[in-house]
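Heads up: the structure comes next, in structure tokens.
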Amino acid sequence: MIARVAPLTRTRAVRGLYDYRLDAGVEGVGIGSLLRVRFGRRRELAVVVELAERSQLADERLLRPEAILSISLPPELVELARWMASEYCSTLARCLALMLPPGAGEEREPRPVLIAELTQAGAELLHAAVDGSGGGARRASAGHAPERAHADGIPGPRLTSQQRRLLGELARGGPLPAAPLGTPALRRLERRGLVRIVERARRRQLALYRIGMRLPRPPALTAAQRTALAPILRALATGTAERFLLHGVTGSGKTEVYLRAAGEALARGRTAIVLVPEIALTPQVLSRFHERLGDLVAVLHSGLSDAERAQEWRRLRSGEARVCVGARSAVLAPLQRLGLVVVDEEHESSYKHEGDPRYDARTLASYRAQRCGAVLLLGSATPRPESYHAAHRLRLAERVDDRPLPTVEILDMRGVHGPLHPEARAALAELRRTAGKAIVLLNRRGWSNFLSCRTCGHVWMCRNCEVALVLHRAAGELACHHCGHREAVPGRCPSCLSISVARHGAGTERLEHELRQALGDDGFSVLRLDADAPPRQRARTLERFQAARAGVLVGTQMVAKGHDFPDVALGLVLDAEQTLRFPDFRAEERTFALICQLAGRTGRGRAGDRGRVLVQTLAPEARSIVLAARHDSDAFLAEELERRRALSYPPFSTLIRVICAAREIDAAFAAAAALRRAIDPPEAVVLGPARLFALRGRARAQLVIKAGQRRAAIDAVGGAVDALASSREARGVSISVDVDPQ
């Protein structure tokens, strides 16, 4: 038997499959198996992609695998990797590597530990003790001998305070390791049938799981939720690969629809994937699913440690967990019998992967659902025109409990000096007086956008990229938001030695400082949420804001991403027209979504507490801003689709961007020009080469292909790139292909 494998190398020059001979009688090798092989002068991990009876090479030239590892990919993921490599002009090895857990080549078995869990008899006896029927323990503490009791016919003394504590901990957070609780005491409870102790592989207790194990009764559905859920349940019942767009205003109960759909998939023996756009949102969504579905839920995202991620991956692969909640990479979860894929906040650009392969998790979710006969459920209050155009629409037009959407007021900033409009200042002062909560959105990080010399005009630029450095005052440094370069805040100009240094613009750090000076004290919190903080710190910031009695959360677009705070009364958007200045055909879509999403975070509290949103802008008559203030997504999407149809933009065409990077701009341009000569797909326009700003010390040139026939264009670009990658013209040039660039 011949195993045809893909060695997991990063180089684009190594392509295709390589044959290795399997000895007769070797078992456990199939499509998706992970092997360790000798590849050239190195040892590499390799994934079995095909099995064959014979090789085209002579048998004596074939090597045998050095080891067959215990980890394997489901065959459907191998097929998905092959499609990804073709769809995103990447290599099969790079796609397969994304699907394996950290440490896949290390065969270290986790040390087993004793795990204690509550039995049904233990739960009932604990419940009786808490309700007061366990009075024997209290009488014993008063000097009386403990009485005999029965729980489901199990004789024994009533519970002592220590036993109640142990059973209570298992009820709240079990199953739990036995050693920290006291193994001898648990063994006594086991002999009475109240506790079960088993030996299992050690499982790390993720902080995300430190929530109650209660399985709450689902709330009653609204009429709109029942109407939206009906076709989803029918598709799950018939195993039909249908695509739905749950177009629901913020606070309309989309998550409850996701939960009911996931429960139905599990009831039918299928599995589910639930994607969220931001790691900071994962604990919130995970807690909802974990409370409803218990230990069947696992989590995957890049914020976990390698050990945590490997543990969750194995739980999903073994079938111990059957629902995966996570960010973009969770679309590659090793689940089998997939029945449902949910993409929450499907409009978010963070679903696009920045490294090679530059996949879009929404596209992968659609392909995977189609191949598995699963339901794809996209959810958003501000869906992408692409989804609005292609998917079957389900509407949730009202908030649950008939709460009204917030009023949105547009504040004209023309002629206004300073970062805040007078009405915004007054609203924040009133919020401070009434001890309320607000979210303030400014889509710029740092203290100031850039520094310049007042004497000679020198601007401090990144030494690696052709962009200005941003001032971060708290860290005492200038930082590049592209390559991460940092340097100390200057005291004088390096060109003319002047000490007159000007700061331009304001970011979230400066706004946080000014609001803290104006509003903050011990009883009023001013918190900041942006990409300057690591994922775990962002999650803690959200928890602090949730727990605060009153305060303001300042941040970039992260503050508008799907958070559910029931007591936010005021939303404030600064520089709302900023995204309209970007040279991007999606600029109006992003501006509309940003305002609507922030508006959705307000007015979720008491019935009748409508909430208020203030939008500061220099373009008060812009179409996207006016329609966002009206909460009129249907009108915006209809107009946006007509505009894109007229200009042949997605979803009515496919865009592909190719970037060539080199030390010298001439080499980058030469490679891009060679690609342009080689790319000639039908019904396509090739634009460029055009120069991009230098990034990480490398000059860049780009091509943009706008094509009517997607498959033909991707094949043409992929073929041209593969041919150029092995030619002299590409020596010293790196080439990246981005299908459906954001």
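Residues are referred to by chain and number: the chain letter is A, B, ... according to the order shown in the structure tokens, the number counts from 1 in that chain, and ligands are numbered separately from 1 in the order shown.
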
Non-local contacts of range 333-335 of chain A (8 Å; only C-alpha atoms; under 5 positions in same chain excluded) as a list in words: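 Residues near the query, excluding close chain neighbours: Leu73, Pro74, Leu77, Met99, Thr271, Ala272, Ile273, Leu300, Trp313, Leu316, Arg317, Gly319, Arg322 and Cys324 of chain A.
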
Please produce an output containing C-alpha atoms for each residue in the selection, written as a PDB file, in the first residue's frame.
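After the write, result_16.pdb holds the following:
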```pdb
ATOM      1  CA  LEU A  73      -7.580  14.785  10.684  1.00  0.00           C
ATOM      2  CA  PRO A  74     -11.093  13.827   9.613  1.00  0.00           C
ATOM      3  CA  LEU A  77     -10.930  18.371   6.555  1.00  0.00           C
ATOM      4  CA  MET A  99      -6.080  22.405  10.903  1.00  0.00           C
ATOM      5  CA  THR A 271     -22.494  18.594  15.532  1.00  0.00           C
ATOM      6  CA  ALA A 272     -22.299  22.389  15.351  1.00  0.00           C
ATOM      7  CA  ILE A 273     -19.803  25.234  14.911  1.00  0.00           C
ATOM      8  CA  LEU A 300     -11.113  27.253  19.905  1.00  0.00           C
ATOM      9  CA  TRP A 313      -9.016  20.211  19.722  1.00  0.00           C
ATOM     10  CA  LEU A 316     -13.705  17.871  19.516  1.00  0.00           C
ATOM     11  CA  ARG A 317     -11.843  15.225  17.521  1.00  0.00           C
ATOM     12  CA  GLY A 319     -16.450  13.426  20.031  1.00  0.00           C
ATOM     13  CA  ARG A 322     -19.820  18.251  19.837  1.00  0.00           C
ATOM     14  CA  CYS A 324     -17.307  24.321  18.912  1.00  0.00           C
TER      15      CYS A 324
END
```

Shell of 12 Å around Thr508 in chain A, only C-alpha atoms, local chain residues under 4 positions omitted, as a VMD selection string: chain A and resid 419 440 to 449 470 to 474 512 to 516 526 to 532 553 to 559 573 to 574

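Coordinates place CA of Ser736 in chain A at a distance of 7.4 Å from CA of Asp356 in chain A.
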
Close residues, range 253-262 of chain A itself excluded, 8 Å, only C-alpha atoms, min 2 positions apart in chain, as a ChimeraX atom specification: /A:225,228-229,232-233,246,248,250-251,264-266,271-272,289,292,323,340,342,379,396,399-400

Do a neighbour search on range 710-727 of chain A at 9 Å with only C-alpha atoms, toss out local chain neighbours closer than 2 positions, and write the hits as a PyMOL selection string. chain A and resi 12-13+86-90+653-656+658+671+674-676+678-684+705-708+729-731+733-737+739

Excluding range 421-432 of chain A and residues on its chain fewer than 6 positions from it, collect all residues at most 7 Å away from it, counting only C-alpha atoms, and give them as a PyMOL selection string. chain A and resi 413+519+614

Output C-alpha atoms for every residue in that selection, as a JSON list (two decimals), in the first residue's frame.
```json
[["chain", "number", "residue", "atom", "x", "y", "z"],
["A", 413, "MET", "CA", -19.02, 69.13, 13.80],
["A", 519, "LEU", "CA", -15.97, 62.54, 34.64],
["A", 614, "LEU", "CA", -25.03, 60.82, 19.30]]
```

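Between Ala369 in chain A and the candidates A:Arg15, A:Arg486, A:Arg243, A:Arg315, the tightest atom-to-atom separation, counting only C-alpha atoms, involves A:Arg243.
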
From the list A:Leu100, A:Arg164, A:His347, A:Ser525, which residue is nearest Ser329 in chain A when using only C-alpha atoms? A:Leu100

Give me the residues within 9 Å of Leu376 in chain A as a PyMOL selection string, counting only C-alpha atoms and dropping any in the same chain fewer than 6 places off. chain A and resi 241-245+339-343+365-366+369-370

Deliver the residues from the most recent selection as a file, using C-alpha atoms, as a short mmCIF file (atom, residue, chain, number, x, y, z; two decimals), in the first residue's frame.
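Contents of out-v7.cif, freshly written:
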```
data_model
loop_
_atom_site.label_atom_id
_atom_site.label_comp_id
_atom_site.auth_asym_id
_atom_site.auth_seq_id
_atom_site.Cartn_x
_atom_site.Cartn_y
_atom_site.Cartn_z
CA ALA A 241 -27.67 22.20 3.09
CA GLU A 242 -29.53 25.50 3.17
CA ARG A 243 -28.11 28.98 3.74
CA PHE A 244 -30.05 31.44 5.91
CA LEU A 245 -29.43 35.06 6.82
CA GLY A 339 -25.15 19.70 11.01
CA LEU A 340 -25.02 23.45 11.72
CA VAL A 341 -22.58 26.31 11.18
CA VAL A 342 -23.47 29.67 12.77
CA VAL A 343 -21.62 32.85 11.82
CA ALA A 365 -18.29 27.96 6.49
CA SER A 366 -20.50 28.06 3.40
CA ALA A 369 -21.84 23.32 5.26
CA GLN A 370 -22.66 22.60 1.60
#
```

DSSP-assigned helix (DSSP H, G or I) among range 441-686 of chain A, expressed as a ChimeraX atom specification: /A:508-519,535-547,557-560,578-581,587-600,623-629,633-647,665-678

Write down as a PyMOL selection string the residues belonging to range 184-403 of chain A that are assigned strand (DSSP E) by DSSP computed on the backbone. chain A and resi 195-201+243-248+271-275+297-300+323-326+338-344+375-380+392-396

So that I can check the surroundings of Leu167 in chain A, please list as a ChimeraX atom specification every protein, DNA and RNA residue that reaches within 10 Å of it, counting only C-alpha atoms and ignoring chain neighbours fewer than 2 positions away. /A:116-119,122-123,125-127,159,161-165,169-172,174,186,189,194-195

Output file for the selection above: C-alpha atoms, as a compact mmCIF listing (two decimals), in the first residue's frame:
```
# COMPACT_ATOMS: atom_id res chain seq x y z
CA ALA A 116 -15.12 13.20 40.85
CA GLU A 117 -18.65 13.91 39.66
CA LEU A 118 -22.03 14.04 41.32
CA THR A 119 -24.48 11.16 40.84
CA GLY A 122 -26.05 12.81 45.37
CA ALA A 123 -27.80 15.68 43.60
CA LEU A 125 -29.74 14.35 48.66
CA LEU A 126 -27.89 17.67 48.36
CA HIS A 127 -31.07 19.35 47.21
CA LEU A 159 -24.76 15.06 55.31
CA SER A 161 -21.19 20.40 56.58
CA GLN A 162 -18.02 19.16 54.85
CA GLN A 163 -19.98 16.68 52.75
CA ARG A 164 -22.51 19.36 51.79
CA ARG A 165 -19.61 21.59 50.74
CA GLU A 169 -18.76 22.24 44.65
CA LEU A 170 -19.37 19.25 42.37
CA ALA A 171 -22.88 20.52 41.64
CA ARG A 172 -21.61 23.98 40.73
CA GLY A 174 -18.10 19.41 38.35
CA LEU A 186 -14.87 11.71 48.27
CA LEU A 189 -19.27 9.60 49.47
CA LEU A 194 -23.47 9.95 46.03
CA VAL A 195 -20.28 10.56 44.04
```
